[in-house]
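Content type compact mmCIF, C-alpha atoms and all ligand atoms, from the file final-v8.txt:
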# COMPACT_ATOMS: atom_id res chain seq x y z
CA MET V 83 37.04 115.50 162.09
CA ASN V 84 35.21 117.37 164.82
CA THR V 85 33.09 115.16 167.05
CA THR V 86 30.24 117.58 167.63
CA VAL V 87 29.64 117.50 163.89
CA VAL V 88 29.53 113.77 163.34
CA ASN V 89 27.46 113.10 166.49
CA LYS V 90 24.53 115.24 165.49
CA VAL V 91 22.26 113.47 162.99
CA LYS V 92 21.63 115.85 160.14
CA ALA V 93 18.38 115.98 158.18
CA ILE V 94 18.47 115.87 154.40
CA LYS V 95 15.29 116.65 152.52
CA THR V 96 14.75 115.71 148.87
CA LEU V 97 12.24 117.56 146.71
CA ASN V 98 12.44 115.24 143.68
CA SER V 99 13.23 111.61 143.18
CA ILE V 100 16.99 111.34 143.75
CA ALA V 101 18.94 108.23 142.71
CA GLU V 102 19.41 105.77 145.57
CA SER V 103 23.17 105.59 144.97
CA GLY V 104 23.36 109.30 145.77
CA LEU V 105 21.29 109.03 148.93
CA LYS V 106 23.57 106.22 150.12
CA VAL V 107 26.41 108.76 150.31
CA PHE V 108 24.65 110.04 153.44
CA ASP V 109 25.82 107.59 156.11
CA SER V 110 24.41 106.91 159.59
CA HIS V 111 25.14 110.50 160.69
CA TYR V 112 22.33 111.62 158.38
CA THR V 113 18.65 110.96 158.00
CA ILE V 114 16.67 111.39 154.79
CA ASP V 115 13.59 113.16 156.10
CA ASN V 116 11.33 114.48 153.38
CA ASP V 117 8.81 115.75 155.94
CA SER V 118 11.38 117.88 157.73
CA GLU V 119 10.32 121.53 158.11
CA ASN V 120 13.86 122.58 158.96
CA PRO V 121 16.42 120.35 157.22
CA ASP V 122 20.19 120.92 157.24
CA ALA V 123 20.30 120.49 153.47
CA ILE V 124 18.01 119.99 150.49
CA VAL V 125 18.75 117.91 147.40
CA VAL V 126 16.61 118.87 144.40
CA ARG V 127 16.24 118.43 140.65
CA SER V 128 13.67 120.61 138.84
CA PHE V 129 11.24 121.30 141.73
CA ASN V 130 10.37 125.01 141.71
CA MET V 131 11.64 126.38 145.04
CA HIS V 132 10.88 130.05 144.47
CA ALA V 133 7.86 130.17 146.79
CA MET V 134 9.55 128.23 149.61
CA GLU V 135 10.51 129.67 152.98
CA PHE V 136 13.73 128.26 154.42
CA GLY V 137 14.24 127.14 158.00
CA ASN V 138 17.08 128.53 160.11
CA GLN V 139 18.94 125.19 160.03
CA LEU V 140 19.21 125.13 156.23
CA LYS V 141 22.85 125.42 155.19
CA ALA V 142 22.94 124.03 151.67
CA ILE V 143 20.84 123.27 148.61
CA ALA V 144 22.27 120.91 146.03
CA ARG V 145 20.82 120.84 142.52
CA ALA V 146 21.43 117.32 141.18
CA GLY V 147 21.81 118.69 137.67
CA ALA V 148 22.92 121.82 135.84
CA GLY V 149 20.21 124.51 135.71
CA VAL V 150 19.53 126.45 138.93
CA ASN V 151 16.74 128.69 137.66
CA ASN V 152 14.28 126.77 139.88
CA ILE V 153 16.17 127.94 143.00
CA PRO V 154 15.98 131.48 144.49
CA VAL V 155 19.76 131.85 144.43
CA ASP V 156 19.85 135.53 145.52
CA LYS V 157 17.64 134.84 148.53
CA CYS V 158 19.89 131.89 149.45
CA THR V 159 22.96 134.10 149.23
CA GLU V 160 21.41 136.70 151.54
CA GLN V 161 20.61 133.95 154.05
CA GLY V 162 24.07 132.36 153.83
CA ILE V 163 22.75 129.19 152.18
CA VAL V 164 25.21 127.62 149.75
CA VAL V 165 23.72 126.48 146.44
CA PHE V 166 25.57 123.73 144.58
CA ASN V 167 25.03 122.18 141.18
CA THR V 168 26.77 119.24 139.48
CA PRO V 169 28.60 120.63 136.44
CA GLY V 170 28.95 118.15 133.60
CA ALA V 171 27.35 115.23 135.47
CA ASN V 172 24.46 114.96 133.03
CA ALA V 173 26.18 116.42 129.94
CA ASN V 174 26.66 113.13 128.12
CA ALA V 175 23.00 112.21 128.57
CA VAL V 176 21.89 115.52 127.09
CA LYS V 177 24.40 115.30 124.25
CA GLU V 178 23.12 111.87 123.24
CA LEU V 179 19.51 113.08 123.20
CA VAL V 180 20.42 116.19 121.21
CA LEU V 181 22.21 114.15 118.54
CA THR V 182 19.42 111.55 118.50
CA SER V 183 16.84 114.29 117.99
CA LEU V 184 18.93 116.01 115.34
CA MET V 185 19.14 112.88 113.23
CA ALA V 186 15.63 111.63 113.96
CA ALA V 187 14.11 115.00 113.02
CA SER V 188 16.18 115.24 109.84
CA ARG V 189 14.88 111.85 108.75
CA ASN V 190 11.24 112.57 109.74
CA LEU V 191 11.47 109.57 112.01
CA PHE V 192 8.83 110.67 114.51
CA ASP V 193 6.20 111.37 111.81
CA GLY V 194 7.13 108.18 109.94
CA VAL V 195 6.76 105.98 113.02
CA SER V 196 3.45 107.60 113.97
CA TRP V 197 2.12 107.07 110.43
CA VAL V 198 3.16 103.40 110.27
CA LYS V 199 1.29 102.74 113.51
CA THR V 200 -1.93 103.99 111.88
CA LEU V 201 -1.71 101.07 109.42
CA GLU V 202 -2.52 98.52 112.10
CA GLY V 203 -5.39 96.31 110.97
CA GLU V 204 -4.60 96.60 107.26
CA GLY V 205 -3.07 93.09 107.26
CA ALA V 206 -1.38 91.98 104.04
CA GLN V 207 -1.76 95.49 102.59
CA ILE V 208 0.76 96.95 105.02
CA PRO V 209 4.00 96.33 103.04
CA LYS V 210 2.39 97.84 99.89
CA ARG V 211 1.07 100.84 101.84
CA VAL V 212 4.51 101.35 103.39
CA GLU V 213 6.27 101.40 100.04
CA ALA V 214 3.71 103.81 98.57
CA GLY V 215 3.60 106.04 101.66
CA LYS V 216 7.29 106.43 102.45
CA LYS V 217 7.73 109.31 100.01
CA GLN V 218 5.93 111.59 102.50
CA PHE V 219 8.85 111.17 104.88
CA VAL V 220 11.87 111.81 102.67
CA GLY V 221 14.43 113.44 104.93
CA LYS V 222 17.78 115.12 104.64
CA GLU V 223 21.23 114.07 105.73
CA ILE V 224 23.18 116.02 108.33
CA LYS V 225 26.56 115.32 106.70
CA GLY V 226 28.02 118.54 105.30
CA LYS V 227 25.36 120.73 106.94
CA THR V 228 26.26 123.47 109.40
CA LEU V 229 25.35 123.09 113.05
CA GLY V 230 25.44 126.27 115.15
CA VAL V 231 26.07 125.63 118.86
CA ILE V 232 25.20 128.49 121.22
CA GLY V 233 26.89 127.97 124.59
CA LEU V 234 30.04 125.85 124.60
CA GLY V 235 29.87 124.58 128.16
CA ALA V 236 29.74 120.98 129.36
CA ILE V 237 26.93 120.00 126.97
CA GLY V 238 27.56 122.32 124.03
CA ALA V 239 31.22 121.27 123.73
CA LEU V 240 30.31 117.56 123.66
CA VAL V 241 27.64 118.19 121.02
CA ALA V 242 30.05 120.27 118.92
CA ASN V 243 32.84 117.67 119.02
CA ASP V 244 30.55 114.75 118.18
CA ALA V 245 28.84 116.65 115.37
CA ILE V 246 32.29 117.10 113.82
CA GLU V 247 32.69 113.30 113.98
CA LEU V 248 29.35 113.02 112.17
CA ASP V 249 30.83 115.06 109.30
CA MET V 250 28.92 118.25 110.07
CA ASP V 251 30.47 121.70 109.87
CA VAL V 252 30.22 123.21 113.33
CA ILE V 253 30.22 126.85 114.33
CA GLY V 254 30.13 127.78 118.02
CA PHE V 255 29.35 130.94 119.98
CA ASP V 256 30.25 131.45 123.62
CA PRO V 257 31.76 134.76 124.76
CA PHE V 258 32.46 133.28 128.22
CA ILE V 259 33.98 129.94 127.21
CA SER V 260 36.18 128.42 129.94
CA VAL V 261 39.84 127.63 129.34
CA ASP V 262 39.23 123.96 130.21
CA ILE V 263 36.51 123.63 127.58
CA ALA V 264 38.52 125.54 124.98
CA TRP V 265 41.29 122.92 125.37
CA LYS V 266 38.80 120.08 124.87
CA LEU V 267 37.07 121.55 121.83
CA SER V 268 37.93 120.12 118.41
CA ARG V 269 40.04 122.51 116.35
CA LYS V 270 37.54 121.96 113.56
CA VAL V 271 34.85 123.84 115.49
CA GLN V 272 34.75 127.32 114.00
CA ARG V 273 34.33 130.31 116.26
CA ALA V 274 31.43 132.66 115.54
CA MET V 275 32.45 136.18 116.46
CA THR V 276 28.82 137.15 116.96
CA MET V 277 25.57 135.32 117.48
CA GLU V 278 24.32 137.02 114.28
CA GLN V 279 27.07 135.27 112.32
CA LEU V 280 26.03 131.90 113.78
CA PHE V 281 22.37 132.55 112.94
CA ALA V 282 23.23 133.48 109.33
CA GLU V 283 25.40 130.41 108.64
CA SER V 284 23.58 127.55 110.42
CA ASP V 285 21.26 124.91 108.96
CA TYR V 286 20.64 123.58 112.47
CA ILE V 287 20.94 125.56 115.72
CA THR V 288 21.24 123.99 119.16
CA VAL V 289 21.28 126.09 122.33
CA HIS V 290 23.10 125.15 125.56
CA VAL V 291 23.10 128.24 127.78
CA PRO V 292 21.59 128.74 131.25
CA LEU V 293 18.34 130.68 131.58
CA THR V 294 19.25 134.15 132.90
CA GLU V 295 17.87 137.63 132.35
CA ASP V 296 20.43 137.96 129.50
CA THR V 297 19.40 134.79 127.68
CA ARG V 298 15.63 134.83 128.26
CA GLY V 299 13.84 135.21 124.90
CA MET V 300 17.08 135.07 122.87
CA PHE V 301 15.10 133.36 120.09
CA ASN V 302 12.65 136.00 118.93
CA GLU V 303 11.23 137.70 115.83
CA GLU V 304 14.42 139.71 115.32
CA THR V 305 16.84 136.80 115.68
CA PHE V 306 14.66 134.47 113.58
CA SER V 307 14.86 137.01 110.75
CA LEU V 308 18.67 136.55 110.66
CA MET V 309 18.43 132.79 110.16
CA LYS V 310 18.39 130.68 107.01
CA ASP V 311 15.01 129.53 105.72
CA ASP V 312 13.97 126.07 106.97
CA VAL V 313 16.46 126.14 109.85
CA TYR V 314 15.92 123.44 112.51
CA ILE V 315 16.18 124.60 116.13
CA LEU V 316 16.93 122.35 119.09
CA ASN V 317 16.22 123.58 122.60
CA PHE V 318 17.30 121.21 125.34
CA SER V 319 18.19 124.11 127.68
CA ARG V 320 15.08 125.94 128.89
CA GLY V 321 11.73 126.82 127.29
CA GLU V 322 11.98 130.49 128.29
CA LEU V 323 14.96 131.03 125.97
CA VAL V 324 12.38 131.14 123.19
CA ASN V 325 9.64 133.71 122.62
CA GLU V 326 6.75 131.32 122.05
CA THR V 327 4.54 133.69 120.06
CA ASP V 328 7.37 134.43 117.65
CA MET V 329 8.33 130.74 117.39
CA ALA V 330 4.73 129.76 116.57
CA ALA V 331 4.72 132.35 113.78
CA VAL V 332 8.00 131.23 112.15
CA LEU V 333 6.99 127.57 112.34
CA GLU V 334 3.71 128.49 110.67
CA SER V 335 5.46 130.42 107.88
CA GLY V 336 8.10 127.71 107.38
CA LYS V 337 10.98 130.05 108.20
CA VAL V 338 11.83 127.56 110.95
CA GLY V 339 11.42 124.02 109.60
CA LYS V 340 11.29 122.18 112.90
CA TYR V 341 11.54 123.00 116.59
CA MET V 342 12.74 120.28 118.94
CA THR V 343 12.15 121.20 122.57
CA ASP V 344 12.48 119.37 125.88
CA PHE V 345 10.07 121.88 127.49
CA PRO V 346 6.50 121.35 126.30
CA ASN V 347 3.54 123.41 127.49
CA GLU V 348 0.09 124.20 126.13
CA ASN V 349 1.41 126.81 123.64
CA VAL V 350 4.26 124.59 122.47
CA LEU V 351 1.97 121.63 121.82
CA LYS V 352 -0.18 123.79 119.54
CA MET V 353 2.81 124.70 117.33
CA LYS V 354 3.21 123.31 113.83
CA ASN V 355 6.28 121.09 113.23
CA VAL V 356 7.22 120.99 116.88
CA ILE V 357 8.87 117.87 118.29
CA PRO V 358 8.29 117.97 122.04
CA THR V 359 10.06 115.64 124.49
CA PRO V 360 9.13 115.37 128.19
CA HIS V 361 12.23 117.03 129.71
CA LEU V 362 14.21 113.85 129.09
CA GLY V 363 17.68 115.35 128.60
CA ALA V 364 19.15 114.17 131.91
CA SER V 365 16.89 111.15 132.36
CA THR V 366 19.28 108.23 132.03
CA VAL V 367 20.25 105.83 134.78
CA GLU V 368 23.88 106.90 134.46
CA SER V 369 23.19 110.63 134.53
CA GLU V 370 20.78 110.40 137.47
CA GLU V 371 23.39 108.47 139.44
CA ASN V 372 26.24 110.83 138.49
CA CYS V 373 24.24 113.89 139.50
CA ALA V 374 22.90 112.41 142.75
CA ILE V 375 26.30 111.13 143.92
CA MET V 376 28.06 114.39 143.06
CA ALA V 377 25.35 116.49 144.75
CA ALA V 378 25.35 114.34 147.88
CA ARG V 379 29.16 114.33 148.18
CA GLN V 380 29.32 118.11 147.85
CA VAL V 381 26.66 118.59 150.55
CA LYS V 382 28.30 116.08 152.90
CA GLU V 383 31.70 117.69 152.45
CA TYR V 384 30.24 121.12 153.13
CA LEU V 385 28.26 120.08 156.22
CA GLU V 386 31.22 118.21 157.69
CA THR V 387 34.13 120.48 156.80
CA GLY V 388 32.75 123.74 155.39
CA ASN V 389 34.69 123.13 152.17
CA ILE V 390 32.82 124.40 149.11
CA LYS V 391 33.08 122.85 145.66
CA ASN V 392 30.85 123.68 142.69
CA SER V 393 28.76 126.38 144.31
CA VAL V 394 26.88 128.78 142.07
CA ASN V 395 26.61 131.52 144.70
CA PHE V 396 29.65 131.22 146.99
CA PRO V 397 33.36 131.10 146.18
CA ASN V 398 34.82 127.63 145.84
CA THR V 399 36.96 127.27 148.97
CA ALA V 400 38.65 124.19 150.39
CA ILE V 401 41.54 123.30 152.69
CA PRO V 402 42.24 119.98 154.42
CA TYR V 403 40.84 119.86 157.97
CA THR V 404 44.11 120.16 159.87
CA GLY V 405 43.18 121.84 163.16
CA LYS V 406 41.14 120.71 166.15
CA LYS V 407 38.29 123.13 165.59
CA ARG V 408 37.20 124.86 162.39
CA VAL V 409 35.52 128.24 162.09
CA THR V 410 33.76 129.02 158.81
CA VAL V 411 32.44 132.51 158.17
CA PHE V 412 30.43 134.08 155.36
CA HIS V 413 30.90 137.79 155.36
CA LYS V 414 30.77 140.90 153.24
CA ASN V 415 33.71 141.41 150.93
CA ILE V 416 34.93 144.55 152.69
CA PRO V 417 38.33 145.53 154.17
CA ASN V 418 39.58 144.13 157.48
CA MET V 419 36.97 141.36 157.91
CA VAL V 420 39.65 138.66 158.23
CA GLY V 421 41.56 140.86 160.71
CA LYS V 422 38.46 141.25 162.91
CA ILE V 423 37.68 137.51 162.81
CA THR V 424 41.25 136.49 163.68
CA SER V 425 41.37 139.05 166.53
CA ALA V 426 38.20 137.52 167.98
CA ILE V 427 39.93 134.14 167.89
CA SER V 428 43.18 135.38 169.43
CA ASN V 429 41.20 137.00 172.28
CA TYR V 430 40.74 133.41 173.53
CA HIS V 431 44.51 132.72 173.11
CA LEU V 432 43.78 130.23 170.36
CA ASN V 433 46.37 129.51 167.70
CA ILE V 434 45.50 129.44 163.99
CA ALA V 435 46.78 126.31 162.17
CA ASP V 436 45.62 127.22 158.67
CA MET V 437 43.23 129.54 156.93
CA VAL V 438 41.84 130.50 153.55
CA ASN V 439 39.75 133.43 152.35
CA ARG V 440 38.01 133.63 148.98
CA SER V 441 35.69 136.26 147.60
CA ARG V 442 32.98 136.30 144.98
CA GLY V 443 31.38 139.61 144.14
CA ASP V 444 30.12 141.31 147.31
CA LEU V 445 30.65 138.24 149.49
CA ALA V 446 33.60 136.35 150.90
CA TYR V 447 34.11 133.12 152.76
CA THR V 448 36.80 132.39 155.32
CA ILE V 449 37.80 129.04 156.79
CA ILE V 450 40.08 129.07 159.84
CA ASP V 451 41.50 125.96 161.51
CA ILE V 452 42.38 126.33 165.19
CA ASP V 453 45.27 124.36 166.63
CA ASN V 454 43.86 124.04 170.16
CA ILE V 455 41.12 121.93 171.70
CA VAL V 456 38.21 124.33 172.18
CA ASP V 457 35.58 123.44 174.77
CA ASP V 458 31.84 123.91 174.16
CA GLU V 459 31.60 127.13 176.18
CA ILE V 460 34.40 128.87 174.31
CA THR V 461 33.02 127.53 171.04
CA LEU V 462 29.66 129.15 171.76
CA ASN V 463 31.15 132.43 172.98
CA LEU V 464 33.53 132.70 170.05
CA GLU V 465 30.69 132.02 167.61
CA GLN V 466 28.64 134.80 169.24
CA ASN V 467 31.60 137.23 169.20
CA ILE V 468 32.22 136.65 165.49
CA ASN V 469 28.52 136.95 164.74
CA GLN V 470 28.51 140.41 166.33
CA ILE V 471 31.12 141.75 163.90
CA GLU V 472 29.49 144.03 161.34
CA GLY V 473 29.34 142.48 157.89
CA ILE V 474 29.03 138.85 159.04
CA VAL V 475 26.33 136.75 157.32
CA THR V 476 26.74 133.36 159.03
CA VAL V 477 29.25 131.58 161.27
CA ARG V 478 29.68 127.85 161.79
CA MET V 479 31.92 126.14 164.34
CA ILE V 480 32.78 122.67 163.08
N1 LIG W 1 17.12 119.10 129.04
C1 LIG W 1 17.74 118.75 130.15
O1 LIG W 1 17.36 117.80 130.82
C2 LIG W 1 18.95 119.51 130.59
C3 LIG W 1 19.99 118.83 131.23
C4 LIG W 1 21.12 119.57 131.62
C5 LIG W 1 21.18 120.92 131.40
N2 LIG W 1 20.13 121.55 130.81
C6 LIG W 1 20.19 123.00 130.54
O2 LIG W 1 21.34 123.23 129.75
C7 LIG W 1 22.05 124.36 130.26
C8 LIG W 1 23.52 124.23 129.94
O3 LIG W 1 24.05 123.12 130.66
P1 LIG W 1 25.63 122.87 130.72
O4 LIG W 1 25.83 121.71 131.63
O5 LIG W 1 26.21 122.85 129.37
O6 LIG W 1 26.07 124.21 131.48
P2 LIG W 1 27.49 124.93 131.45
O7 LIG W 1 27.45 125.92 132.54
O8 LIG W 1 28.58 123.91 131.44
O9 LIG W 1 27.53 125.69 130.04
C9 LIG W 1 26.79 126.83 129.75
C10 LIG W 1 27.61 127.65 128.78
O10 LIG W 1 26.80 128.72 128.29
C11 LIG W 1 27.66 129.82 128.11
N3 LIG W 1 26.87 131.04 128.02
C12 LIG W 1 26.25 131.71 129.02
N4 LIG W 1 25.59 132.78 128.52
C13 LIG W 1 25.79 132.75 127.17
C14 LIG W 1 25.37 133.58 126.10
N5 LIG W 1 24.59 134.65 126.32
N6 LIG W 1 25.76 133.26 124.84
C15 LIG W 1 26.54 132.18 124.61
N7 LIG W 1 26.98 131.37 125.58
C16 LIG W 1 26.60 131.65 126.85
C17 LIG W 1 28.60 129.77 129.30
O11 LIG W 1 29.78 130.51 129.05
C18 LIG W 1 28.86 128.28 129.40
O12 LIG W 1 30.01 127.92 128.69
C19 LIG W 1 21.71 124.35 131.76
O13 LIG W 1 21.83 125.64 132.33
C20 LIG W 1 20.29 123.84 131.79
O14 LIG W 1 19.39 124.93 131.70
C21 LIG W 1 19.03 120.88 130.39
O1 LIG W 2 19.30 121.49 134.32
C1 LIG W 2 19.29 120.26 134.32
O2 LIG W 2 20.21 119.59 134.84
C2 LIG W 2 18.21 119.55 133.60
O3 LIG W 2 17.20 120.36 133.18
C3 LIG W 2 17.77 118.25 134.21
O4 LIG W 2 16.62 118.41 134.98
P1 LIG W 2 16.07 117.14 135.81
O5 LIG W 2 17.13 116.81 136.82
O6 LIG W 2 14.80 117.60 136.42
O7 LIG W 2 15.88 116.03 134.83

Full structure transcribed into structure tokens:
Amino acid sequence: MNTTVVNKVKAIKTLNSIAESGLKVFDSHYTIDNDSENPDAIVVRSFNMHAMEFGNQLKAIARAGAGVNNIPVDKCTEQGIVVFNTPGANANAVKELVLTSLMAASRNLFDGVSWVKTLEGEGAQIPKRVEAGKKQFVGKEIKGKTLGVIGLGAIGALVANDAIELDMDVIGFDPFISVDIAWKLSRKVQRAMTMEQLFAESDYITVHVPLTEDTRGMFNEETFSLMKDDVYILNFSRGELVNETDMAAVLESGKVGKYMTDFPNENVLKMKNVIPTPHLGASTVESEENCAIMAARQVKEYLETGNIKNSVNFPNTAIPYTGKKRVTVFHKNIPNMVGKITSAISNYHLNIADMVNRSRGDLAYTIIDIDNIVDDEITLNLEQNINQIEGIVTVRMI
């Protein structure tokens, strides 16, 4: 490990409450400084970062969670800031809440509990009132019903597999499903060839896709019209996946029987038959710890070695730190960049011990380990020389 790196205390800023076990990953070479104007890295949950300006020291943002729609990812990419998330770290927590909500809504549990509480003060009459009143809350069983799962990623796949265990028929739609997830998915999960097919066949629909320009408003007047009457919809992904005006209308007409959403707002709370939860999907002790530890480890690894794991905007790139000095370079994905960087290094008669280059879209990332001891003056000069090459975004000497 390079000494100049570990000797400089790095500032980590948090924008939400981050589990202590995650913050402990940052050892004495780091300081958690939430007042810092120019931190080395930021750890965040749902805080909306779109209006933020970033200091010139900022190298990484880690989302302790899945969704990154609260982070200006394109702006970060332009500025050479790596954005990480923690894939799968909160998936079990969300799955458990989805299945809880599915069953609780089917059995009218929320309405039933609220009604029973209104009986307080009726003393000995309560048991009689309960027996007479329970008919208002007759529910339906999920066994044998069809659950449509849109998005078979970390969360959707867990929901699909467990719903099979609960004796539901499950149909899934995900045109971009990963090979890893496909291996883990129960063979009983049927594949919908189109979203329209899933809409037509499902008694319950649960959505587990990221919010992007492609998925925004995917639940709308047109798609509702393809669904069965009295379908129940669960949205533990993002509120903006649903057109709220259209949802209010189909809840009013009864086309949609119930809408369970983790993303309440003024419009949502006015809807009939809505079951709003306060963005609780990832809020378990276990999930908060998983996400915080994973986020912190990824940031630490990146700051100390330049290795990138689980980035949403840069290519995943990692090699063991084998040399005596490491050069990491973000650059445009154009011909001869690696050649120009290695020539700059060989101009100082330095020998390359190992290197890796990965690209993602228009950008690429190169890590080069140098086999020689490089003094501070050469380090600075080499950094400046590489920075002057056309197409370079950022350079770090570690
Ligand atoms: N309520 C909460 O607290 C909570 C917690 C975690 C995640 N989330 C939300 O859930 C989303 C999913 O989380 P995840 O961990 O499963 O993410 P993931 O990346 O593992 O899975 C997302 C899946 O959606 C698929 N997909 C993308 N576009 C699609 C489309 N148009 N149609 C069908 N499938 C599509 C992808 O191929 C991927 O398999 C997150 O992006 C986040 O917005 C909410
Ligand atoms: O995308 C996510 O991971 C969830 O929405 C969780 O958000 P939270 O970390 O703010 O609970």

Taking only residues of chain V that have an atom at most 9 Å from an atom of ligand LIG 2 (chain W), what is each one's shortest atom pair and its distance in Å to one decimal, using all atoms listed in the file, in chain and number order, as a Markdown table?
| residue | atom | partner | partner_atom | distance |
| --- | --- | --- | --- | --- |
| V:Asn98 | CA | W:LIG2 | O6 | 8.0 |
| V:Ile100 | CA | W:LIG2 | O5 | 8.8 |
| V:Val126 | CA | W:LIG2 | O5 | 7.9 |
| V:Arg127 | CA | W:LIG2 | O5 | 4.3 |
| V:Ser128 | CA | W:LIG2 | O6 | 4.0 |
| V:Phe129 | CA | W:LIG2 | O6 | 7.4 |
| V:Arg145 | CA | W:LIG2 | O2 | 7.8 |
| V:Ala146 | CA | W:LIG2 | O5 | 6.1 |
| V:Gly147 | CA | W:LIG2 | O2 | 3.4 |
| V:Ala148 | CA | W:LIG2 | O2 | 3.6 |
| V:Gly149 | CA | W:LIG2 | O1 | 3.4 |
| V:Val150 | CA | W:LIG2 | O1 | 6.8 |
| V:Asn151 | CA | W:LIG2 | O1 | 8.3 |
| V:Asn167 | CA | W:LIG2 | O2 | 8.4 |
| V:Thr168 | CA | W:LIG2 | O2 | 8.0 |
| V:Pro169 | CA | W:LIG2 | O2 | 8.6 |
| V:Gly170 | CA | W:LIG2 | O2 | 8.9 |
| V:Ala171 | CA | W:LIG2 | O2 | 8.4 |
| V:Asn172 | CA | W:LIG2 | O2 | 6.5 |
| V:Ala173 | CA | W:LIG2 | O2 | 8.3 |
| V:Val176 | CA | W:LIG2 | C2 | 8.5 |
| V:Pro292 | CA | W:LIG2 | O1 | 8.2 |
| V:Phe318 | CA | W:LIG2 | O3 | 7.9 |
| V:Ser319 | CA | W:LIG2 | O3 | 6.7 |
| V:Arg320 | CA | W:LIG2 | O3 | 7.4 |
| V:Asp344 | CA | W:LIG2 | O3 | 8.7 |
| V:His361 | CA | W:LIG2 | O7 | 6.4 |
| V:Leu362 | CA | W:LIG2 | O7 | 6.4 |
| V:Gly363 | CA | W:LIG2 | C3 | 6.3 |
| V:Ala364 | CA | W:LIG2 | O7 | 4.8 |
| V:Ser365 | CA | W:LIG2 | O7 | 5.6 |
| V:Thr366 | CA | W:LIG2 | O7 | 9.0 |
| V:Ser369 | CA | W:LIG2 | O5 | 9.0 |
| V:Glu370 | CA | W:LIG2 | O5 | 7.4 |
| V:Cys373 | CA | W:LIG2 | O5 | 8.1 |

For C-alpha atoms, I'd like the residues from the last selection saved as a PDB file, in the coordinates of the input.
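Heads up, here's the output in selection-v4.pdb:
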ATOM      1  CA  ASN V  98      12.440 115.240 143.680  1.00  0.00           C
ATOM      2  CA  ILE V 100      16.990 111.340 143.750  1.00  0.00           C
ATOM      3  CA  VAL V 126      16.610 118.870 144.400  1.00  0.00           C
ATOM      4  CA  ARG V 127      16.240 118.430 140.650  1.00  0.00           C
ATOM      5  CA  SER V 128      13.670 120.610 138.840  1.00  0.00           C
ATOM      6  CA  PHE V 129      11.240 121.300 141.730  1.00  0.00           C
ATOM      7  CA  ARG V 145      20.820 120.840 142.520  1.00  0.00           C
ATOM      8  CA  ALA V 146      21.430 117.320 141.180  1.00  0.00           C
ATOM      9  CA  GLY V 147      21.810 118.690 137.670  1.00  0.00           C
ATOM     10  CA  ALA V 148      22.920 121.820 135.840  1.00  0.00           C
ATOM     11  CA  GLY V 149      20.210 124.510 135.710  1.00  0.00           C
ATOM     12  CA  VAL V 150      19.530 126.450 138.930  1.00  0.00           C
ATOM     13  CA  ASN V 151      16.740 128.690 137.660  1.00  0.00           C
ATOM     14  CA  ASN V 167      25.030 122.180 141.180  1.00  0.00           C
ATOM     15  CA  THR V 168      26.770 119.240 139.480  1.00  0.00           C
ATOM     16  CA  PRO V 169      28.600 120.630 136.440  1.00  0.00           C
ATOM     17  CA  GLY V 170      28.950 118.150 133.600  1.00  0.00           C
ATOM     18  CA  ALA V 171      27.350 115.230 135.470  1.00  0.00           C
ATOM     19  CA  ASN V 172      24.460 114.960 133.030  1.00  0.00           C
ATOM     20  CA  ALA V 173      26.180 116.420 129.940  1.00  0.00           C
ATOM     21  CA  VAL V 176      21.890 115.520 127.090  1.00  0.00           C
ATOM     22  CA  PRO V 292      21.590 128.740 131.250  1.00  0.00           C
ATOM     23  CA  PHE V 318      17.300 121.210 125.340  1.00  0.00           C
ATOM     24  CA  SER V 319      18.190 124.110 127.680  1.00  0.00           C
ATOM     25  CA  ARG V 320      15.080 125.940 128.890  1.00  0.00           C
ATOM     26  CA  ASP V 344      12.480 119.370 125.880  1.00  0.00           C
ATOM     27  CA  HIS V 361      12.230 117.030 129.710  1.00  0.00           C
ATOM     28  CA  LEU V 362      14.210 113.850 129.090  1.00  0.00           C
ATOM     29  CA  GLY V 363      17.680 115.350 128.600  1.00  0.00           C
ATOM     30  CA  ALA V 364      19.150 114.170 131.910  1.00  0.00           C
ATOM     31  CA  SER V 365      16.890 111.150 132.360  1.00  0.00           C
ATOM     32  CA  THR V 366      19.280 108.230 132.030  1.00  0.00           C
ATOM     33  CA  SER V 369      23.190 110.630 134.530  1.00  0.00           C
ATOM     34  CA  GLU V 370      20.780 110.400 137.470  1.00  0.00           C
ATOM     35  CA  CYS V 373      24.240 113.890 139.500  1.00  0.00           C
TER      36      CYS V 373
END

Can you tell me, as number ranges by chain, what residues are no more than 12 Å from Phe301 (chain V) when counting all atoms listed in the file, ignoring any on the same chain fewer than 5 positions away?
V: 232, 277-278, 281, 287-289, 296, 306-309, 315-317, 320-330, 332, 338, 341

Point out the residue among V:Val420, V:Val394, V:Ile455, V:Ala93 with the least atom-to-atom distance to Lys382 (chain V), counting only C-alpha atoms.
V:Ala93

Quick one: residues within 12 Å of Tyr286 (chain V), only C-alpha atoms counted, chain neighbours fewer than 3 positions away excluded, as a ChimeraX atom specification?
/V:180-181,183-185,187-188,222-232,242,245,250-254,280-283,289,309-317,338-342

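Comparing the minimum interatomic distances between ligand LIG 1 (chain W) and each of V:Ser268, V:Ser118, V:Thr297, V:Asn243, counting all atoms listed in the file, we find that V:Thr297 sits nearest.
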
Please write as a list in words the list of polymer residues whose atoms come within 12 Å of (36.8, 142.2, 153.4), counting all atoms listed in the file and keeping to the coordinates of the file.
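Output of the proximity query reads Val411, Phe412, His413, Lys414, Asn415, Ile416, Pro417, Asn418, Met419, Val420, Gly421, Lys422, Ile423, Asn439, Arg440, Ser441, Arg442, Gly443, Asp444, Leu445, Ala446, Tyr447, Thr448, Ile471, Glu472, Gly473 and Ile474 of chain V.
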